[in-house]
>>> print(open('upload-v8.cif').read())   # mmCIF, C-alpha atoms
data_coords
#
loop_
_atom_site.label_atom_id
_atom_site.label_comp_id
_atom_site.auth_asym_id
_atom_site.auth_seq_id
_atom_site.Cartn_x
_atom_site.Cartn_y
_atom_site.Cartn_z
CA MET N 1140 -27.17 10.19 -75.30
CA SER N 1141 -24.01 12.10 -76.18
CA ALA N 1142 -22.96 14.56 -78.85
CA ALA N 1143 -19.54 15.51 -80.23
CA HIS N 1144 -18.77 19.18 -80.88
CA ARG N 1145 -16.27 20.83 -83.25
CA ASP N 1146 -14.14 22.15 -80.37
CA GLY N 1147 -13.46 18.62 -79.13
CA ARG N 1148 -16.04 18.57 -76.34
CA VAL N 1149 -18.30 15.62 -75.82
CA THR N 1150 -21.53 16.31 -73.95
CA GLY N 1151 -23.96 13.82 -72.56
CA THR N 1152 -26.39 13.12 -69.77
CA CYS N 1153 -25.36 11.19 -66.68
CA SER N 1154 -27.54 8.74 -64.78
CA ALA N 1155 -28.79 11.55 -62.50
CA GLY N 1156 -30.10 13.46 -65.52
CA LYS N 1157 -27.41 16.19 -65.36
CA GLU N 1158 -25.65 17.31 -68.53
CA MET N 1159 -21.95 16.62 -68.45
CA SER N 1160 -19.20 17.93 -70.71
CA MET N 1161 -15.76 16.40 -71.36
CA MET N 1162 -12.90 17.53 -73.54
CA ARG N 1163 -10.93 15.17 -75.75
CA GLY N 1164 -7.74 15.37 -77.68
CA LYS N 1165 -5.65 18.52 -78.12
CA ASN N 1166 -8.09 20.85 -76.30
CA PHE N 1167 -8.16 18.62 -73.22
CA LYS N 1168 -4.37 18.54 -73.03
CA ARG N 1169 -4.17 22.33 -73.44
CA ALA N 1170 -6.74 22.94 -70.66
CA LEU N 1171 -4.91 20.52 -68.37
CA ALA N 1172 -1.57 22.27 -69.03
CA VAL N 1173 -3.07 25.71 -68.26
CA ARG N 1174 -4.54 24.45 -64.99
CA ALA N 1175 -1.24 22.87 -63.95
CA ALA N 1176 0.63 26.12 -64.72
CA LEU N 1177 -1.84 28.16 -62.65
CA ALA N 1178 -1.59 25.76 -59.73
CA THR N 1179 2.21 25.91 -59.84
CA ALA N 1180 2.17 29.74 -59.93
CA CYS N 1181 -0.18 29.90 -56.95
CA LEU N 1182 1.96 27.45 -54.99
CA PHE N 1183 5.08 29.49 -55.77
CA ALA N 1184 3.41 32.74 -54.67
CA VAL N 1185 2.24 31.27 -51.35
CA THR N 1186 5.64 29.73 -50.62
CA ALA N 1187 7.51 32.93 -51.49
CA CYS N 1188 5.32 35.04 -49.20
CA GLY N 1189 6.00 32.91 -46.11
CA ASN N 1190 4.83 34.28 -42.75
CA GLY N 1191 5.83 37.90 -43.35
CA ASP N 1192 9.11 37.80 -41.41
CA GLY N 1193 11.19 37.74 -44.59
CA GLY N 1194 12.37 34.20 -43.96
CA GLY N 1195 9.78 32.44 -46.06
CA THR N 1196 9.18 29.81 -43.38
CA ALA N 1197 6.26 29.02 -41.12
CA PRO N 1198 6.34 30.42 -37.57
CA ASP N 1199 7.82 28.23 -34.84
CA THR N 1200 4.83 27.35 -32.67
CA THR N 1201 6.83 24.94 -30.51
CA SER N 1202 9.11 27.52 -28.88
CA PRO N 1203 8.25 28.61 -25.34
CA THR N 1204 7.93 32.25 -26.47
CA ALA N 1205 5.39 31.39 -29.15
CA ALA N 1206 3.36 29.29 -26.73
CA ARG N 1207 3.34 32.08 -24.13
CA THR N 1208 2.24 34.66 -26.71
CA THR N 1209 -0.64 32.45 -27.85
CA ALA N 1210 -1.71 31.67 -24.29
CA THR N 1211 -1.83 35.33 -23.25
CA SER N 1212 -3.58 36.56 -26.37
CA GLN N 1213 -6.71 34.47 -25.70
CA PRO N 1214 -7.07 33.79 -21.98
CA ALA N 1215 -9.41 30.99 -21.04
CA ALA N 1216 -12.44 31.81 -18.93
CA ARG N 1217 -12.26 30.66 -15.33
CA THR N 1218 -15.26 28.59 -14.25
CA VAL N 1219 -17.24 29.34 -11.09
CA GLN N 1220 -19.98 26.92 -10.04
CA VAL N 1221 -23.06 28.61 -8.56
CA ARG N 1222 -25.33 26.21 -6.70
CA GLU N 1223 -28.87 27.57 -6.32
CA THR N 1224 -31.19 26.19 -3.63
CA GLU N 1225 -34.14 27.52 -1.62
CA PHE N 1226 -33.09 30.32 -0.94
CA ALA N 1227 -29.33 30.57 -1.19
CA LEU N 1228 -26.47 30.95 -3.68
CA GLN N 1229 -23.28 28.96 -3.09
CA LEU N 1230 -20.23 30.01 -5.11
CA SER N 1231 -17.32 27.60 -5.65
CA GLU N 1232 -14.83 30.50 -5.63
CA THR N 1233 -14.33 33.21 -3.05
CA THR N 1234 -11.39 35.11 -4.58
CA PHE N 1235 -11.73 37.06 -7.82
CA THR N 1236 -9.17 38.90 -9.95
CA PRO N 1237 -9.96 40.81 -13.15
CA GLY N 1238 -10.59 38.51 -16.11
CA THR N 1239 -13.15 36.40 -17.92
CA TYR N 1240 -15.35 34.09 -15.86
CA THR N 1241 -18.00 31.54 -16.79
CA PHE N 1242 -20.59 31.24 -14.03
CA VAL N 1243 -22.28 27.83 -14.24
CA ALA N 1244 -25.66 28.09 -12.50
CA GLU N 1245 -27.04 24.79 -11.25
CA ASN N 1246 -30.58 24.66 -9.87
CA ALA N 1247 -30.15 22.19 -7.02
CA GLY N 1248 -33.47 23.25 -5.52
CA GLU N 1249 -37.02 22.14 -6.10
CA VAL N 1250 -38.49 25.39 -7.51
CA ALA N 1251 -37.49 27.42 -10.56
CA HIS N 1252 -34.43 29.70 -10.25
CA ALA N 1253 -32.20 31.80 -12.54
CA LEU N 1254 -28.92 33.70 -12.14
CA ALA N 1255 -28.27 37.38 -12.80
CA ILE N 1256 -25.07 39.44 -12.48
CA SER N 1257 -24.26 43.14 -12.78
CA GLY N 1258 -21.36 45.43 -11.93
CA PRO N 1259 -18.68 47.62 -13.53
CA GLY N 1260 -18.73 47.02 -17.30
CA VAL N 1261 -21.37 44.30 -16.97
CA PRO N 1262 -24.95 45.47 -17.45
CA THR N 1263 -27.51 43.15 -15.88
CA THR N 1264 -27.05 39.80 -17.62
CA GLN N 1265 -29.04 36.70 -16.70
CA THR N 1266 -29.78 33.11 -17.56
CA GLY N 1267 -33.20 31.87 -18.52
CA VAL N 1268 -35.37 30.27 -15.85
CA LEU N 1269 -33.95 26.93 -14.71
CA GLU N 1270 -36.16 24.12 -13.50
CA ALA N 1271 -34.85 21.64 -10.91
CA ASP N 1272 -31.57 19.95 -11.97
CA GLU N 1273 -31.05 22.25 -14.97
CA THR N 1274 -27.87 24.28 -15.55
CA ALA N 1275 -26.98 27.37 -17.60
CA LYS N 1276 -23.83 29.40 -18.21
CA LEU N 1277 -23.09 33.13 -18.08
CA THR N 1278 -19.70 34.26 -19.39
CA VAL N 1279 -18.65 37.79 -18.42
CA THR N 1280 -15.45 39.80 -18.15
CA LEU N 1281 -14.97 41.22 -14.67
CA ARG N 1282 -12.79 44.21 -13.91
CA GLU N 1283 -11.95 45.74 -10.54
CA GLY N 1284 -15.02 46.65 -8.52
CA GLU N 1285 -18.07 45.17 -6.81
CA TYR N 1286 -20.52 42.84 -8.58
CA GLU N 1287 -23.89 41.51 -7.50
CA LEU N 1288 -25.22 38.04 -8.27
CA TRP N 1289 -28.84 37.12 -7.50
CA CYS N 1290 -31.82 35.03 -8.46
CA PRO N 1291 -34.21 37.26 -10.45
CA VAL N 1292 -37.18 34.88 -10.09
CA GLY N 1293 -40.05 36.29 -7.99
CA ASN N 1294 -38.93 37.50 -4.55
CA HIS N 1295 -36.01 35.03 -4.32
CA ARG N 1296 -33.49 37.88 -4.02
CA GLN N 1297 -35.30 39.29 -0.99
CA LEU N 1298 -35.38 35.78 0.51
CA GLY N 1299 -31.57 35.61 0.46
CA MET N 1300 -30.59 34.47 -3.02
CA GLU N 1301 -27.94 37.14 -3.56
CA ALA N 1302 -24.20 37.51 -3.27
CA ARG N 1303 -21.66 40.29 -3.69
CA ILE N 1304 -18.19 39.72 -5.00
CA GLN N 1305 -15.30 42.16 -4.89
CA VAL N 1306 -12.87 41.91 -7.80
CA GLY N 1307 -9.40 43.28 -7.17
CA SER N 1308 -5.99 43.09 -8.78
CA GLY N 1309 -4.68 41.47 -5.60
CA GLY N 1310 -7.67 39.14 -5.43
CA GLY N 1311 -11.10 40.32 -4.33
CA THR N 1312 -13.51 38.31 -2.20
CA ALA N 1313 -17.09 37.17 -1.98
CA SER N 1314 -19.18 38.86 0.73
CA PRO N 1315 -19.21 37.07 4.11
CA GLY N 1316 -21.64 34.21 4.30
CA THR N 1317 -22.14 34.07 0.52
CA PRO N 1318 -20.39 30.74 -0.20
CA GLY N 1319 -22.64 28.96 2.29
CA GLY N 1320 -25.84 30.64 1.21
CA GLY N 1321 -28.02 33.71 1.67
CA ARG N 1322 -29.12 35.54 4.80
#
>>> encode(input="upload-v8.cif", output="structure tokens")
Amino acid sequence: MSAAHRDGRVTGTCSAGKEMSMMRGKNFKRALAVRAALATACLFAVTACGNGDGGGTAPDTTSPTAARTTATSQPAARTVQVRETEFALQLSETTFTPGTYTFVAENAGEVAHALAISGPGVPTTQTGVLEADETAKLTVTLREGEYELWCPVGNHRQLGMEARIQVGSGGGTASPGTPGGGR
């Protein structure tokens, strides 16, 4: 059912039961003209503002300088695989420089393990407990200094599931014997 109003609107109910309103005639054309004028004004304002360099054009993202700036402003995390077995940690990397790292812990053993890390600027951070064949990620930003990685489950750390890494601007190292496993 629909009804006509003095202002030129026609209201009615659609098939979903919602009330709908439409304008006809002179009022519809006036509303359409106002909307078009507003859209044009907004488009003009956005175009005139440009990218803030006074040129009114979009930045050149294809130039080598622009690409370098973007790449250095958001460095990607480097990935280090950490294989956990009874009772050893095996790191895929042995040289560390300051930056963001994602440690991917893989429980390749038969009992539950987890991975924890702490050091300068990184309070103890750890994964949840991983059952056999499960993986988890820890993303941390390392700065120069010594960091410890270990399995915080039970007495696994005392059984040899620990490693020390040295992060240096010239490239730090993992403690001897760490890449192949614990003690």
>>> resolve_selection(input="upload-v8.cif", expression="the PyMOL selection byres ((chain N and resi 1227) around 7)", output="list in words")
Glu1223, Thr1224, Glu1225, Phe1226, Leu1228, Gln1229, Gly1299, Met1300, Gly1320 and Gly1321 of chain N
>>> atom_distance(input="upload-v8.cif", atom1="CA of Ser1308 in chain N", atom2="CA of Thr1278 in chain N")
19.5 Å
>>> residues_near_point(input="upload-v8.cif", point="(-11.9, 36.7, -14.8)", cutoff="12 Å", atoms="all atoms listed in the file", output="list in words")
Pro1214, Ala1215, Ala1216, Arg1217, Thr1218, Val1219, Glu1232, Thr1234, Phe1235, Thr1236, Pro1237, Gly1238, Thr1239, Tyr1240, Thr1241, Phe1242, Thr1278, Val1279, Thr1280, Leu1281, Arg1282, Glu1283, Gln1305, Val1306, Gly1307, Ser1308, Gly1310 and Gly1311 of chain N
>>> atom_distance(input="upload-v8.cif", atom1="CA of Leu1269 in chain N", atom2="CA of Ala1247 in chain N")
9.8 Å
>>> atom_distance(input="upload-v8.cif", atom1="CA of Arg1222 in chain N", atom2="CA of Val1261 in chain N")
21.2 Å
>>> closest_residue(input="upload-v8.cif", among="N:Thr1266, N:Ser1231, N:Gln1220, N:Thr1274", to="Cys1290 in chain N", atoms="only C-alpha atoms")
N:Thr1266
>>> closest_residue(input="upload-v8.cif", among="N:Ile1256, N:Thr1233, N:Arg1303, N:Ala1271", to="Pro1291 in chain N", atoms="all atoms listed in the file")
N:Ile1256
>>> residues_around(input="upload-v8.cif", residues="Ser1257 in chain N", least_positions_apart="4", cutoff="6 Å", atoms="all atoms listed in the file", output="list in words")
Val1261, Pro1262, Thr1263, Tyr1286 and Glu1287 of chain N
>>> resolve_selection(input="upload-v8.cif", expression="the PyMOL selection byres ((chain N and resi 1292) around 8)", output="PyMOL selection string")
chain N and resi 1251-1253+1268+1290-1291+1293-1296
>>> write_last_selection(input="upload-v8.cif", atoms="C-alpha atoms", output="mmCIF file, keeping the file's coordinate frame")
data_model
loop_
_atom_site.group_PDB
_atom_site.id
_atom_site.type_symbol
_atom_site.label_atom_id
_atom_site.label_comp_id
_atom_site.auth_asym_id
_atom_site.auth_seq_id
_atom_site.Cartn_x
_atom_site.Cartn_y
_atom_site.Cartn_z
ATOM 1 C CA ALA N 1251 -37.490 27.420 -10.560
ATOM 2 C CA HIS N 1252 -34.430 29.700 -10.250
ATOM 3 C CA ALA N 1253 -32.200 31.800 -12.540
ATOM 4 C CA VAL N 1268 -35.370 30.270 -15.850
ATOM 5 C CA CYS N 1290 -31.820 35.030 -8.460
ATOM 6 C CA PRO N 1291 -34.210 37.260 -10.450
ATOM 7 C CA GLY N 1293 -40.050 36.290 -7.990
ATOM 8 C CA ASN N 1294 -38.930 37.500 -4.550
ATOM 9 C CA HIS N 1295 -36.010 35.030 -4.320
ATOM 10 C CA ARG N 1296 -33.490 37.880 -4.020
#
>>> closest_residue(input="upload-v8.cif", among="N:Val1250, N:Ala1255, N:Gln1265, N:Asp1272", to="Leu1288 in chain N", atoms="all atoms listed in the file")
N:Ala1255
